[in-house]
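This is run09.cif (mmCIF, C-alpha atoms).
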```cif
data_structure
#
loop_
_atom_site.group_PDB
_atom_site.id
_atom_site.type_symbol
_atom_site.label_atom_id
_atom_site.label_comp_id
_atom_site.auth_asym_id
_atom_site.auth_seq_id
_atom_site.Cartn_x
_atom_site.Cartn_y
_atom_site.Cartn_z
ATOM 1 C CA ALA A 715 -50.289 64.579 -7.138
ATOM 2 C CA TYR A 716 -52.369 61.720 -5.816
ATOM 3 C CA SER A 717 -55.939 60.740 -5.102
ATOM 4 C CA GLU A 718 -57.556 58.447 -2.542
ATOM 5 C CA GLN A 719 -60.299 55.924 -3.156
ATOM 6 C CA GLY A 720 -62.012 53.345 -1.069
ATOM 7 C CA GLY A 721 -60.683 49.859 -1.668
ATOM 8 C CA GLY A 722 -61.430 44.569 -1.939
ATOM 9 C CA GLY A 723 -60.168 38.264 -3.000
ATOM 10 C CA ALA A 724 -58.454 34.775 -3.437
ATOM 11 C CA ALA A 725 -55.064 33.263 -4.570
ATOM 12 C CA GLY A 726 -51.989 31.709 -3.079
ATOM 13 C CA GLY A 727 -48.745 32.551 -1.290
ATOM 14 C CA SER A 728 -46.566 30.883 1.261
ATOM 15 C CA ALA A 729 -46.411 31.932 4.895
ATOM 16 C CA THR A 730 -43.167 32.738 6.582
ATOM 17 C CA ALA A 731 -42.360 31.975 10.177
ATOM 18 C CA PRO A 732 -43.972 34.302 12.749
ATOM 19 C CA GLY A 733 -42.052 37.297 13.936
ATOM 20 C CA LEU A 734 -40.643 40.541 12.674
ATOM 21 C CA LEU A 735 -38.084 40.424 9.919
ATOM 22 C CA GLY A 736 -35.048 42.654 9.722
ATOM 23 C CA SER A 737 -34.758 45.332 7.054
ATOM 24 C CA VAL A 738 -34.018 43.814 3.675
ATOM 25 C CA GLY A 739 -32.667 45.024 0.407
ATOM 26 C CA SER A 740 -34.125 42.688 -2.226
ATOM 27 C CA ALA A 741 -34.382 43.874 -5.764
ATOM 28 C CA GLY A 742 -37.601 44.587 -7.609
ATOM 29 C CA GLY A 743 -41.170 44.896 -6.426
ATOM 30 C CA GLN A 744 -43.352 47.829 -5.577
ATOM 31 C CA SER A 745 -44.474 48.768 -3.163
ATOM 32 C CA SER A 746 -55.369 57.604 4.600
ATOM 33 C CA ALA A 747 -59.364 56.615 8.164
ATOM 34 C CA ALA A 748 -60.914 56.490 11.564
ATOM 35 C CA GLY A 749 -61.012 53.570 13.937
ATOM 36 C CA GLN A 750 -62.135 52.489 17.281
ATOM 37 C CA PRO A 751 -59.735 51.612 20.052
ATOM 38 C CA GLY A 752 -60.928 48.616 21.942
ATOM 39 C CA GLY A 753 -61.199 47.724 25.551
ATOM 40 C CA SER A 754 -61.343 49.771 28.743
ATOM 41 C CA SER A 755 -60.779 49.285 32.400
ATOM 42 C CA SER A 756 -62.533 50.776 35.387
ATOM 43 C CA ALA A 757 -61.539 51.292 38.968
ATOM 44 C CA SER A 758 -63.590 52.339 42.011
ATOM 45 C CA LYS A 759 -62.293 54.433 44.837
ATOM 46 C CA ALA A 760 -60.868 52.555 47.774
ATOM 47 C CA GLY A 761 -62.706 52.912 51.062
ATOM 48 C CA ARG A 762 -62.677 51.460 54.559
ATOM 49 C CA PRO A 763 -64.178 48.029 55.062
ATOM 50 C CA SER A 764 -67.901 48.070 55.914
ATOM 51 C CA GLY A 765 -67.165 46.676 59.355
ATOM 52 C CA SER A 766 -65.242 49.765 60.531
ATOM 53 C CA ALA A 767 -65.580 50.618 64.225
ATOM 54 C CA PRO A 768 -67.174 53.951 65.260
ATOM 55 C CA SER A 769 -64.791 56.846 65.876
ATOM 56 C CA SER A 770 -63.814 57.882 69.378
ATOM 57 C CA ALA A 771 -65.545 61.262 68.813
ATOM 58 C CA GLY A 772 -68.923 59.574 69.114
ATOM 59 C CA GLY A 773 -70.269 59.562 65.566
ATOM 60 C CA PRO A 774 -69.829 56.645 63.232
ATOM 61 C CA SER A 775 -66.845 56.827 60.968
ATOM 62 C CA ALA A 776 -67.270 57.183 57.214
ATOM 63 C CA VAL A 777 -67.456 53.921 55.322
ATOM 64 C CA GLY A 778 -66.116 53.447 51.785
ATOM 65 C CA THR A 779 -68.617 52.394 49.136
ATOM 66 C CA GLY A 780 -66.290 50.444 46.853
ATOM 67 C CA GLY A 781 -63.393 48.029 46.916
ATOM 68 C CA PRO A 782 -59.847 48.870 45.881
ATOM 69 C CA SER A 783 -58.841 48.943 42.216
ATOM 70 C CA ALA A 784 -57.311 45.825 40.733
ATOM 71 C CA PRO A 785 -53.612 46.155 40.110
ATOM 72 C CA PRO A 786 -52.687 46.888 36.483
ATOM 73 C CA SER A 787 -51.527 43.315 35.917
ATOM 74 C CA GLN A 788 -55.050 42.045 36.734
ATOM 75 C CA GLN A 789 -56.983 44.569 34.671
ATOM 76 C CA ALA A 790 -58.287 43.450 31.293
ATOM 77 C CA ALA A 791 -55.911 44.177 28.421
ATOM 78 C CA LYS A 792 -57.212 46.022 25.386
ATOM 79 C CA ALA A 793 -57.974 43.866 22.378
ATOM 80 C CA PRO A 794 -56.095 44.833 19.208
ATOM 81 C CA ALA A 795 -58.052 47.541 17.354
ATOM 82 C CA TYR A 796 -57.657 49.959 14.473
ATOM 83 C CA VAL A 797 -57.251 53.576 15.620
ATOM 84 C CA GLY A 798 -56.770 55.611 12.440
ATOM 85 C CA ARG A 799 -54.613 56.745 9.560
ATOM 86 C CA LEU A 800 -51.894 59.170 10.626
ATOM 87 C CA ALA A 801 -50.428 60.094 7.239
ATOM 88 C CA SER A 802 -50.248 59.148 3.564
ATOM 89 C CA ASN A 803 -48.566 60.271 0.367
ATOM 90 C CA ALA A 804 -48.424 59.039 -3.232
ATOM 91 C CA ALA A 805 -46.541 60.741 -6.052
ATOM 92 C CA LYS A 806 -44.262 60.370 -9.027
ATOM 93 C CA THR A 807 -40.607 60.896 -8.158
ATOM 94 C CA SER A 808 -37.421 61.504 -10.113
ATOM 95 C CA SER A 809 -34.196 61.280 -8.131
ATOM 96 C CA SER A 810 -35.511 61.403 -4.562
ATOM 97 C CA THR A 811 -34.723 58.486 -2.282
ATOM 98 C CA SER A 812 -36.845 59.541 0.710
ATOM 99 C CA VAL A 813 -40.179 61.111 1.586
ATOM 100 C CA THR A 814 -41.285 62.675 4.885
ATOM 101 C CA LEU A 815 -44.963 62.516 5.849
ATOM 102 C CA GLN A 816 -46.455 64.945 8.379
ATOM 103 C CA THR A 817 -48.866 63.230 10.776
ATOM 104 C CA SER A 818 -52.363 64.681 11.078
ATOM 105 C CA GLY A 819 -53.372 62.545 14.060
ATOM 106 C CA SER A 820 -51.740 61.346 17.266
ATOM 107 C CA SER A 821 -50.892 57.877 18.505
ATOM 108 C CA ALA A 822 -50.806 56.822 22.143
ATOM 109 C CA GLY A 823 -47.683 55.467 23.767
ATOM 110 C CA GLY A 824 -47.567 51.692 23.313
ATOM 111 C CA ASP A 825 -49.553 51.670 20.052
ATOM 112 C CA THR A 826 -48.228 49.901 16.972
ATOM 113 C CA LEU A 827 -47.531 51.936 13.833
ATOM 114 C CA VAL A 828 -47.775 50.150 10.483
ATOM 115 C CA VAL A 829 -46.273 51.605 7.300
ATOM 116 C CA SER A 830 -47.569 50.307 3.939
ATOM 117 C CA VAL A 831 -45.448 50.951 0.857
ATOM 118 C CA MET A 832 -45.515 50.444 -2.916
ATOM 119 C CA LEU A 833 -42.519 51.418 -5.067
ATOM 120 C CA THR A 834 -42.674 51.420 -8.884
ATOM 121 C CA ASN A 835 -39.725 50.843 -11.204
ATOM 122 C CA THR A 836 -37.362 50.924 -8.271
ATOM 123 C CA HIS A 837 -33.720 49.913 -7.992
ATOM 124 C CA SER A 838 -32.477 47.250 -5.619
ATOM 125 C CA GLY A 839 -31.651 48.271 -2.061
ATOM 126 C CA GLY A 840 -33.003 48.529 1.444
ATOM 127 C CA VAL A 841 -36.206 50.266 2.529
ATOM 128 C CA GLY A 842 -36.467 51.764 6.025
ATOM 129 C CA ALA A 843 -38.604 54.057 8.166
ATOM 130 C CA SER A 844 -38.053 56.379 11.113
ATOM 131 C CA ASP A 845 -40.122 59.034 12.886
ATOM 132 C CA SER A 846 -39.882 62.171 15.001
ATOM 133 C CA ALA A 847 -40.529 60.175 18.194
ATOM 134 C CA GLY A 848 -37.447 58.023 17.635
ATOM 135 C CA ASN A 849 -39.286 54.755 16.966
ATOM 136 C CA SER A 850 -37.591 51.829 15.239
ATOM 137 C CA TYR A 851 -39.394 50.120 12.347
ATOM 138 C CA SER A 852 -38.772 46.589 11.058
ATOM 139 C CA VAL A 853 -39.656 45.156 7.654
ATOM 140 C CA VAL A 854 -42.435 42.578 8.028
ATOM 141 C CA ALA A 855 -42.969 41.817 4.319
ATOM 142 C CA ASP A 856 -41.190 42.800 1.089
ATOM 143 C CA GLN A 857 -42.735 41.398 -2.098
ATOM 144 C CA SER A 858 -41.341 42.022 -5.597
ATOM 145 C CA ASP A 859 -43.181 41.357 -8.852
ATOM 146 C CA GLY A 860 -39.931 40.619 -10.676
ATOM 147 C CA ALA A 861 -40.326 43.696 -12.884
ATOM 148 C CA GLY A 862 -38.866 46.394 -10.658
ATOM 149 C CA ASP A 863 -41.893 46.938 -8.387
ATOM 150 C CA ARG A 864 -42.179 46.226 -4.648
ATOM 151 C CA THR A 865 -44.893 46.180 -1.971
ATOM 152 C CA LEU A 866 -43.849 46.254 1.693
ATOM 153 C CA ILE A 867 -45.160 46.315 5.268
ATOM 154 C CA LEU A 868 -43.038 47.851 8.046
ATOM 155 C CA ALA A 869 -44.037 48.101 11.709
ATOM 156 C CA ALA A 870 -43.020 49.636 15.039
ATOM 157 C CA VAL A 871 -44.580 47.558 17.846
ATOM 158 C CA GLY A 872 -45.128 49.239 21.230
ATOM 159 C CA ALA A 873 -44.083 52.593 19.792
ATOM 160 C CA ARG A 874 -43.501 55.840 21.626
ATOM 161 C CA ALA A 875 -46.390 58.315 21.260
ATOM 162 C CA LEU A 876 -46.322 60.216 17.967
ATOM 163 C CA GLY A 877 -48.155 63.515 18.283
ATOM 164 C CA GLY A 878 -50.027 65.475 15.664
ATOM 165 C CA GLY A 879 -47.559 67.524 13.674
ATOM 166 C CA GLY A 880 -44.958 64.793 14.001
ATOM 167 C CA SER A 881 -43.401 63.097 11.025
ATOM 168 C CA VAL A 882 -42.562 59.701 9.533
ATOM 169 C CA THR A 883 -39.735 59.397 7.007
ATOM 170 C CA LEU A 884 -39.406 56.559 4.507
ATOM 171 C CA THR A 885 -36.095 55.903 2.752
ATOM 172 C CA PHE A 886 -35.835 53.775 -0.390
ATOM 173 C CA PRO A 887 -33.808 53.188 -3.576
ATOM 174 C CA ALA A 888 -34.430 55.470 -6.558
ATOM 175 C CA THR A 889 -37.981 54.870 -7.821
ATOM 176 C CA SER A 890 -40.399 56.372 -10.348
ATOM 177 C CA GLU A 891 -43.381 56.362 -7.926
ATOM 178 C CA HIS A 892 -43.957 55.936 -4.217
ATOM 179 C CA HIS A 893 -47.150 55.170 -2.287
ATOM 180 C CA VAL A 894 -46.865 55.367 1.530
ATOM 181 C CA ALA A 895 -49.491 55.130 4.322
ATOM 182 C CA VAL A 896 -49.051 55.126 8.119
ATOM 183 C CA ASP A 897 -51.784 53.494 10.255
ATOM 184 C CA ASP A 898 -52.153 53.299 14.050
ATOM 185 C CA PHE A 899 -53.301 50.208 15.982
ATOM 186 C CA SER A 900 -53.868 49.886 19.740
ATOM 187 C CA GLY A 901 -53.614 46.783 21.921
ATOM 188 C CA VAL A 902 -50.998 45.088 19.728
ATOM 189 C CA THR A 903 -48.101 43.344 21.438
ATOM 190 C CA GLY A 904 -46.457 41.611 18.484
ATOM 191 C CA ILE A 905 -46.520 40.445 14.886
ATOM 192 C CA GLY A 906 -47.835 36.932 14.355
ATOM 193 C CA GLY A 907 -47.819 35.214 10.970
ATOM 194 C CA HIS A 908 -47.017 37.006 7.743
ATOM 195 C CA SER A 909 -47.035 36.055 4.082
ATOM 196 C CA SER A 910 -46.833 37.576 0.589
ATOM 197 C CA ALA A 911 -47.320 36.643 -3.069
ATOM 198 C CA THR A 912 -47.447 38.093 -6.594
ATOM 199 C CA ALA A 913 -49.006 37.282 -9.979
ATOM 200 C CA ALA A 914 -49.484 38.842 -13.400
ATOM 201 C CA SER A 915 -53.283 39.253 -13.079
ATOM 202 C CA GLY A 916 -56.099 39.156 -10.514
ATOM 203 C CA PRO A 917 -57.701 38.183 -8.243
ATOM 204 C CA PHE A 918 -55.028 38.785 -5.606
ATOM 205 C CA ALA A 919 -54.214 36.734 -2.510
ATOM 206 C CA SER A 920 -51.316 37.074 -0.116
ATOM 207 C CA GLY A 921 -51.021 33.527 1.106
ATOM 208 C CA SER A 922 -52.076 32.579 4.620
ATOM 209 C CA ALA A 923 -51.019 33.945 8.003
ATOM 210 C CA SER A 924 -52.203 32.718 11.393
ATOM 211 C CA GLY A 925 -52.765 34.431 14.733
ATOM 212 C CA ALA A 926 -55.599 36.080 16.681
ATOM 213 C CA GLY A 927 -56.060 39.849 16.611
ATOM 214 C CA ILE A 928 -55.989 42.113 13.549
ATOM 215 C CA VAL A 929 -55.243 40.829 10.055
ATOM 216 C CA PHE A 930 -53.654 43.672 8.060
ATOM 217 C CA GLY A 931 -53.420 43.367 4.301
ATOM 218 C CA VAL A 932 -51.837 45.382 1.485
ATOM 219 C CA ALA A 933 -52.126 45.023 -2.287
ATOM 220 C CA GLY A 934 -49.936 46.901 -4.745
ATOM 221 C CA VAL A 935 -51.589 46.852 -8.172
ATOM 222 C CA GLN A 936 -49.887 48.058 -11.351
ATOM 223 C CA GLY A 937 -52.828 49.577 -13.238
ATOM 224 C CA GLY A 938 -56.263 48.357 -14.260
ATOM 225 C CA GLU A 939 -59.513 48.705 -12.361
ATOM 226 C CA ASN A 940 -59.738 49.641 -8.686
ATOM 227 C CA ALA A 941 -58.912 46.805 -6.330
ATOM 228 C CA THR A 942 -61.733 45.566 -4.064
ATOM 229 C CA TRP A 943 -61.366 43.510 -0.882
ATOM 230 C CA GLY A 944 -62.905 40.179 0.024
ATOM 231 C CA SER A 945 -65.659 39.608 2.576
ATOM 232 C CA GLY A 946 -64.811 40.518 6.175
ATOM 233 C CA PHE A 947 -62.176 43.143 5.398
ATOM 234 C CA THR A 948 -62.626 46.852 6.171
ATOM 235 C CA ALA A 949 -61.036 48.774 3.304
ATOM 236 C CA LEU A 950 -58.927 51.840 4.041
ATOM 237 C CA PRO A 951 -58.441 54.682 1.530
ATOM 238 C CA THR A 952 -56.532 53.560 -1.549
ATOM 239 C CA LEU A 953 -53.557 55.600 -2.744
ATOM 240 C CA VAL A 954 -53.433 56.117 -6.525
ATOM 241 C CA VAL A 955 -50.836 57.606 -8.845
ATOM 242 C CA ALA A 956 -52.378 58.322 -12.248
ATOM 243 C CA PRO A 957 -53.395 56.656 -14.312
ATOM 244 C CA ALA A 958 -54.066 53.641 -12.120
ATOM 245 C CA ASP A 959 -51.107 52.390 -10.064
ATOM 246 C CA GLN A 960 -52.532 51.841 -6.600
ATOM 247 C CA LEU A 961 -51.774 50.747 -3.058
ATOM 248 C CA ALA A 962 -54.853 49.232 -1.393
ATOM 249 C CA THR A 963 -54.941 48.458 2.347
ATOM 250 C CA ALA A 964 -57.515 46.807 4.627
ATOM 251 C CA TYR A 965 -57.880 45.066 7.986
ATOM 252 C CA GLU A 966 -60.046 42.437 9.682
ATOM 253 C CA SER A 967 -60.447 41.327 13.306
ATOM 254 C CA VAL A 968 -60.106 37.577 13.803
ATOM 255 C CA GLY A 969 -60.334 35.293 16.812
ATOM 256 C CA SER A 970 -58.002 32.572 15.581
ATOM 257 C CA GLY A 971 -57.126 30.484 12.579
ATOM 258 C CA SER A 972 -55.482 31.198 9.266
ATOM 259 C CA VAL A 973 -56.482 34.161 7.077
ATOM 260 C CA GLN A 974 -55.158 35.728 3.882
ATOM 261 C CA ALA A 975 -55.475 39.205 2.401
ATOM 262 C CA SER A 976 -57.485 38.699 -0.771
ATOM 263 C CA GLY A 977 -59.661 40.552 -3.249
ATOM 264 C CA SER A 978 -60.161 41.383 -6.887
ATOM 265 C CA CYS A 979 -58.111 43.314 -9.450
ATOM 266 C CA ASP A 980 -57.316 42.882 -13.126
ATOM 267 C CA HIS A 981 -53.624 43.655 -13.423
ATOM 268 C CA GLN A 982 -50.196 42.762 -12.096
ATOM 269 C CA TRP A 983 -50.328 42.637 -8.278
ATOM 270 C CA MET A 984 -48.220 42.119 -5.157
ATOM 271 C CA ALA A 985 -50.059 41.306 -1.905
ATOM 272 C CA ALA A 986 -48.907 40.897 1.692
ATOM 273 C CA VAL A 987 -50.572 40.126 5.026
ATOM 274 C CA ALA A 988 -49.514 40.271 8.687
ATOM 275 C CA THR A 989 -51.402 39.427 11.881
ATOM 276 C CA LEU A 990 -51.163 42.001 14.698
ATOM 277 C CA THR A 991 -51.565 40.033 17.906
ATOM 278 C CA GLY A 992 -52.568 41.145 21.413
#
```
As structure tokens - that is how I would like this structure written.
Amino acid sequence: AYSEQGGGGAAGGSATAPGLLGSVGSAGGQSSAAGQPGGSSSASKAGRPSGSAPSSAGGPSAVGTGGPSAPPSQQAAKAPAYVGRLASNAAKTSSSTSVTLQTSGSSAGGDTLVVSVMLTNTHSGGVGASDSAGNSYSVVADQSDGAGDRTLILAAVGARALGGGGSVTLTFPATSEHHVAVDDFSGVTGIGGHSSATAASGPFASGSASGAGIVFGVAGVQGGENATWGSGFTALPTLVVAPADQLATAYESVGSGSVQASGSCDHQWMAAVATLTG
């Protein structure tokens, strides 16, 4: 069983080079919302130039009232934006090494799907994701706390549309708990900077990542009070497995510069951040 709560910091962490990472199998570490797609384009109907000559039948010919549409390459691209949470699940497990989440919303073709994960008391081994639309997911961040817990971010950039009633499957080594959330972003063309960090007590901070667009942060916290996010972040529903192990997620739109996922908590934490660029 699991519950959801609204989620919020400052500490260190070292950034890795921009780009998606391949799936990894490091040991240790552990690993639901509406949005607003951004941007739109308009096009008027094409008509004849205003200087058209009269028709041979005697009456003037019809004249178009607008110019032709700009070709797609010249239309304004959508800015990266949060669309919504497609699925989530958090539960204690025994011998299972996978979980399949049914999606309650739909993503558009070309959107980016981000999977946030926390695994508790897990064995070493790779973590991967797949879905009913055949999308490929890469591991962006995989942070261990050194005590058998992991927090990860996986992403499928420019994904095929995933309709309501679809599914996302996460595979992982044997673990005592899993927390998994799938979020949809529009207008994203790549992953910029990414970084992660861990410490024995709060506040939490992922380390810095650079790039314009959406800053997406996750914090896996092993007990204690509810995590809260720092100024500027929009918190998404937190996934909790009783009594207090939690996966907190949030995002922020940024124009440029270097930003970290940070907030407050009072227990062992693992935090990660990635910039979703347009």
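Every protein or nucleic acid residue with an atom no more than 6 Å from Gly823 in chain A, counting all atoms listed in the file and leaving out same-chain residues fewer than 2 positions away, appears here: A:Asp825, A:Arg874, A:Ala875.
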For this session: Enumerate, as a PyMOL selection string, the residues matched when the PyMOL selection byres ((chain A and resi 857) around 8) is run on the file above.
Result: chain A and resi 743-745+855-856+858-859+864-866+910-912+984-986
For this session: Around the point (-58.1, 41.5, 4.0) in the file's coordinates, collect all residues with an atom within 12 Å, using all atoms listed in the file, and return them as a VMD selection string.
Result: chain A and resid 721 to 724 918 to 923 928 to 933 941 to 950 962 to 968 972 to 978 985 to 989
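Distances here use all atoms listed in the file; by that measure, the residue among A:Ser915, A:Ala795, A:Gln982, A:Thr903 closest to Gly862 in chain A is A:Gln982.
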For this session: Name the residues that the PyMOL selection byres ((chain A and resi 849) around 7) picks from the file above, as JSON, numbers by chain, using the file's chain letters and numbers.
Result: {"A": [844, 845, 847, 848, 850, 851, 870, 873, 874]}
Taking the file as shown, what set of residues would the PyMOL selection byres ((chain A and resi 883-892) around 8) give back, as an mmCIF file with C-alpha atoms, in the frame of the given file?
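Resulting contents of expr.cif:
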```cif
data_model
loop_
_atom_site.group_PDB
_atom_site.id
_atom_site.type_symbol
_atom_site.label_atom_id
_atom_site.label_comp_id
_atom_site.auth_asym_id
_atom_site.auth_seq_id
_atom_site.Cartn_x
_atom_site.Cartn_y
_atom_site.Cartn_z
ATOM 1 C CA SER A 745 -44.474 48.768 -3.163
ATOM 2 C CA ASN A 803 -48.566 60.271 0.367
ATOM 3 C CA ALA A 804 -48.424 59.039 -3.232
ATOM 4 C CA ALA A 805 -46.541 60.741 -6.052
ATOM 5 C CA LYS A 806 -44.262 60.370 -9.027
ATOM 6 C CA THR A 807 -40.607 60.896 -8.158
ATOM 7 C CA SER A 808 -37.421 61.504 -10.113
ATOM 8 C CA SER A 809 -34.196 61.280 -8.131
ATOM 9 C CA SER A 810 -35.511 61.403 -4.562
ATOM 10 C CA THR A 811 -34.723 58.486 -2.282
ATOM 11 C CA SER A 812 -36.845 59.541 0.710
ATOM 12 C CA VAL A 813 -40.179 61.111 1.586
ATOM 13 C CA THR A 814 -41.285 62.675 4.885
ATOM 14 C CA LEU A 815 -44.963 62.516 5.849
ATOM 15 C CA VAL A 831 -45.448 50.951 0.857
ATOM 16 C CA MET A 832 -45.515 50.444 -2.916
ATOM 17 C CA LEU A 833 -42.519 51.418 -5.067
ATOM 18 C CA THR A 834 -42.674 51.420 -8.884
ATOM 19 C CA ASN A 835 -39.725 50.843 -11.204
ATOM 20 C CA THR A 836 -37.362 50.924 -8.271
ATOM 21 C CA HIS A 837 -33.720 49.913 -7.992
ATOM 22 C CA SER A 838 -32.477 47.250 -5.619
ATOM 23 C CA GLY A 839 -31.651 48.271 -2.061
ATOM 24 C CA GLY A 840 -33.003 48.529 1.444
ATOM 25 C CA VAL A 841 -36.206 50.266 2.529
ATOM 26 C CA GLY A 842 -36.467 51.764 6.025
ATOM 27 C CA ALA A 843 -38.604 54.057 8.166
ATOM 28 C CA SER A 844 -38.053 56.379 11.113
ATOM 29 C CA ASP A 845 -40.122 59.034 12.886
ATOM 30 C CA SER A 881 -43.401 63.097 11.025
ATOM 31 C CA VAL A 882 -42.562 59.701 9.533
ATOM 32 C CA HIS A 893 -47.150 55.170 -2.287
ATOM 33 C CA VAL A 894 -46.865 55.367 1.530
ATOM 34 C CA VAL A 955 -50.836 57.606 -8.845
#
```
For this session: Give me, please, the distance in Å between CA of Ala793 in chain A and CA of Leu827 in chain A, quoted to one decimal.
Result: 15.7 Å
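Interatomic distance, CA of Ser852 in chain A to CA of Gly907 in chain A: 14.5 Å.
The gap separating CA of Ser820 in chain A from CA of Leu800 in chain A is 7.0 Å, in Å to one decimal.
Considering the residues A:Ala926, A:Val797, A:Leu953, A:Ala958 and counting only C-alpha atoms, Ser970 in chain A has its shortest atom-to-atom contact with A:Ala926.
Every protein or nucleic acid residue with an atom no more than 10 Å from Ser818 in chain A, counting only C-alpha atoms and leaving out same-chain residues fewer than 3 positions away, appears here: Arg799, Leu800, Ala801, Ser802, Leu815, Gly877, Gly878, Gly879, Gly880 and Ser881 of chain A.
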Selection file, C-alpha atoms, as a compact mmCIF listing (two decimals), in the coordinates of the input:
```txt
# COMPACT_ATOMS: atom_id res chain seq x y z
CA ARG A 799 -54.61 56.74 9.56
CA LEU A 800 -51.89 59.17 10.63
CA ALA A 801 -50.43 60.09 7.24
CA SER A 802 -50.25 59.15 3.56
CA LEU A 815 -44.96 62.52 5.85
CA GLY A 877 -48.16 63.52 18.28
CA GLY A 878 -50.03 65.47 15.66
CA GLY A 879 -47.56 67.52 13.67
CA GLY A 880 -44.96 64.79 14.00
CA SER A 881 -43.40 63.10 11.02
```
Exercise. Contacts of Phe899 in chain A at 10 Å or less, counting all atoms listed in the file, minus same-chain residues fewer than 6 places along, as a list in words?
Worked result: Gly749, Gln750, Pro751, Gly752, Pro794, Ala795, Tyr796, Val797, Gly798, Arg799, Ser821, Ala822, Gly824, Asp825, Thr826, Leu827, Val828, Val871, Gly872, Ile928 and Leu990 of chain A
Around all of range 908-927 of chain A's listed atoms, make the axis-aligned box with 6 Å on each side and tell me centre and edge lengths in Å to one decimal, as JSON.
```
{"center_x": -52.3, "center_y": 36.2, "center_z": 1.6, "size_x": 22.9, "size_y": 19.3, "size_z": 42.1}
```
Exercise. Nearest to Gly971 in chain A among A:Gly925, A:Gly938, A:Val954, A:Ser846, with distances taken over only C-alpha atoms: which residue is it?
Worked result: A:Gly925
